[in-house]
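Trainee: Have a look at the structure that comes next, please.
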Amino acid sequence: MNFSLSIFSYDNQVLQGYAFYAAILMLKTLLMAPLTAFQRFRKKAFISPEDAAAFKGEVKTEDPDVERVRRAHLNDLENIPIFLVTGLLFVMSDPDVVVALMFFRLYTLARFAHTFVYAIYVVRQPARAIAFGVGQIITTIMIIMIIVKFHQL
């Protein structure tokens with residue numbers, strides 16, 4: 001089995017799909033900081049005294065709504081980078097286009113659903129667990145497929 005750099009060609013639909021969904025996931029992660037700031041201003045719950053004084057709020061390190069958004073952001077920071085690395089290795093394994101795009105789409109939808117039901121419109125469990133689990137399952141399946149593919153070399 002020969003490894004070919006053609007996998008990284010602009011014409012590779014799997015690479016195009018990966019790049020598109022990776023960019024969406026990175027943008028989503030970046031937008032979690034302004035969402036946290038929005039929640040801080042809405043609740044007037046600031047982390048530092050100078051911010052509280054400047055914006056006529058108070059120092060609150062444990063506001064439940066702000067912490068919810070922060071935890072959702074942290075969850076993204078813990079999970080999305082693993083998916084991004086896995087996705088790149090998955091592209092290198094030359095997977096079926098339909099399967100790869102389905103994985104990329106479902107993972108992206110699962111991350112958005114996780115944030116929505118956890119930090120934006122709180123939905124009771126198991127909604128958040130299902131959204132999280134879908135992402136974990138997809139990433140695990142991709143890792144197994146990568147191991148199987150490259151073990152054959």
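So you can find residues: chains in the structure tokens are A, B, ... in the order shown, residues in each start at 1, and ligands are numbered from 1 in order.
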Within 7 Å of range 136-153 of chain A, counting only C-alpha atoms, which residues show up once you throw out same-chain ones fewer than 4 positions away? Write them as a ChimeraX atom specification, please.

Mentor: /A:1,83,86,89-90,93,103,107,132

Trainee: Name all residues at most 6 Å from range 58-70 of chain A (count only C-alpha atoms; drop same-chain ones fewer than 4 positions away) and give them as a short mmCIF file (atom, residue, chain, number, x, y, z; two decimals) with all heavy atoms, in the first residue's frame.

Mentor:
data_model
loop_
_atom_site.label_atom_id
_atom_site.label_comp_id
_atom_site.auth_asym_id
_atom_site.auth_seq_id
_atom_site.Cartn_x
_atom_site.Cartn_y
_atom_site.Cartn_z
N THR A 36 -19.58 33.74 26.57
CA THR A 36 -19.32 33.86 28.01
C THR A 36 -19.38 35.33 28.42
O THR A 36 -20.00 35.68 29.43
CB THR A 36 -17.95 33.26 28.37
OG1 THR A 36 -17.91 31.90 27.95
CG2 THR A 36 -17.70 33.33 29.87
N GLN A 39 -22.90 36.55 28.57
CA GLN A 39 -23.56 36.06 29.79
C GLN A 39 -23.11 36.87 31.01
O GLN A 39 -23.90 37.19 31.89
CB GLN A 39 -23.26 34.58 29.94
CG GLN A 39 -24.20 33.73 30.70
CD GLN A 39 -25.63 33.74 30.25
OE1 GLN A 39 -26.25 34.78 30.04
NE2 GLN A 39 -26.19 32.57 30.14
N ALA A 45 -22.12 39.78 36.22
CA ALA A 45 -21.29 38.92 37.06
C ALA A 45 -19.90 38.85 36.45
O ALA A 45 -19.65 38.10 35.52
CB ALA A 45 -21.90 37.52 37.14
N PHE A 46 -19.02 39.67 36.99
CA PHE A 46 -17.69 39.79 36.42
C PHE A 46 -16.66 39.06 37.26
O PHE A 46 -16.83 38.88 38.45
CB PHE A 46 -17.33 41.27 36.26
CG PHE A 46 -18.29 41.99 35.34
CD1 PHE A 46 -19.31 42.77 35.85
CD2 PHE A 46 -18.19 41.84 33.96
CE1 PHE A 46 -20.21 43.41 35.00
CE2 PHE A 46 -19.08 42.47 33.12
CZ PHE A 46 -20.09 43.26 33.64
N ILE A 47 -15.57 38.69 36.61
CA ILE A 47 -14.53 37.90 37.28
C ILE A 47 -13.52 38.79 38.01
O ILE A 47 -12.91 38.38 38.97
CB ILE A 47 -13.83 36.96 36.27
CG1 ILE A 47 -13.04 35.88 36.98
CG2 ILE A 47 -12.95 37.71 35.32
CD1 ILE A 47 -13.90 34.81 37.56
N PRO A 49 -12.44 42.73 39.77
CA PRO A 49 -13.00 43.95 40.36
C PRO A 49 -13.04 45.13 39.39
O PRO A 49 -14.00 45.91 39.40
CB PRO A 49 -12.08 44.24 41.54
CG PRO A 49 -11.39 42.96 41.84
CD PRO A 49 -11.33 42.20 40.55
N ALA A 52 -16.01 44.72 37.14
CA ALA A 52 -17.24 44.97 37.90
C ALA A 52 -17.46 46.46 38.11
O ALA A 52 -18.57 46.97 37.95
CB ALA A 52 -17.20 44.23 39.24
N ALA A 119 -25.75 25.22 27.34
CA ALA A 119 -25.41 26.60 27.67
C ALA A 119 -26.39 27.64 27.16
O ALA A 119 -26.40 28.77 27.64
CB ALA A 119 -24.02 26.93 27.13
#

Trainee: Which residues of range 85-136 of chain A come within 12 Å of range 16-35 of chain A, and what is each one's closest atom pair and distance in Å (one decimal), counting only C-alpha atoms, sorted by chain and residue number, as CSV?

Mentor:
residue,atom,partner,partner_atom,distance
A:Val85,CA,A:Ala22,CA,9.9
A:Thr86,CA,A:Tyr18,CA,10.5
A:Gly87,CA,A:Tyr18,CA,6.8
A:Leu88,CA,A:Tyr18,CA,7.4
A:Leu89,CA,A:Tyr18,CA,10.6
A:Phe90,CA,A:Tyr18,CA,9.2
A:Val91,CA,A:Tyr18,CA,7.5
A:Met92,CA,A:Tyr18,CA,11.0
A:Pro95,CA,A:Tyr18,CA,11.7
A:Asp96,CA,A:Gly17,CA,11.9
A:Val97,CA,A:Gly17,CA,8.8
A:Val98,CA,A:Gly17,CA,10.2
A:Val99,CA,A:Gly17,CA,11.1
A:Ala100,CA,A:Gly17,CA,8.0
A:Leu101,CA,A:Gly17,CA,6.1
A:Met102,CA,A:Gly17,CA,9.6
A:Phe103,CA,A:Tyr18,CA,9.6
A:Phe104,CA,A:Tyr21,CA,6.3
A:Arg105,CA,A:Tyr21,CA,7.0
A:Leu106,CA,A:Tyr21,CA,10.0
A:Tyr107,CA,A:Tyr21,CA,8.9
A:Thr108,CA,A:Leu25,CA,6.6
A:Leu109,CA,A:Leu25,CA,9.6
A:Ala110,CA,A:Leu25,CA,10.7
A:Arg111,CA,A:Leu25,CA,8.1
A:Phe112,CA,A:Lys28,CA,8.0
A:Ala113,CA,A:Lys28,CA,11.7
A:His114,CA,A:Lys28,CA,11.8
A:Thr115,CA,A:Met32,CA,9.1
A:Phe116,CA,A:Met32,CA,11.3
A:Ala119,CA,A:Leu35,CA,9.2
A:Ile120,CA,A:Leu35,CA,9.2

Trainee: Could you give me, as a VMD selection string, each residue of range 17-139 of chain A that DSSP assigns to strand (DSSP E or B) when run on this structure's backbone?

Mentor: chain A and resid 45 to 46 58 to 59

Trainee: May I ask for the distance between CA of Leu77 in chain A and CA of Tyr121 in chain A, given in Å to one decimal place?

Mentor: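 So the two atoms, CA of Leu77 in chain A and CA of Tyr121 in chain A, lie 20.3 Å apart.
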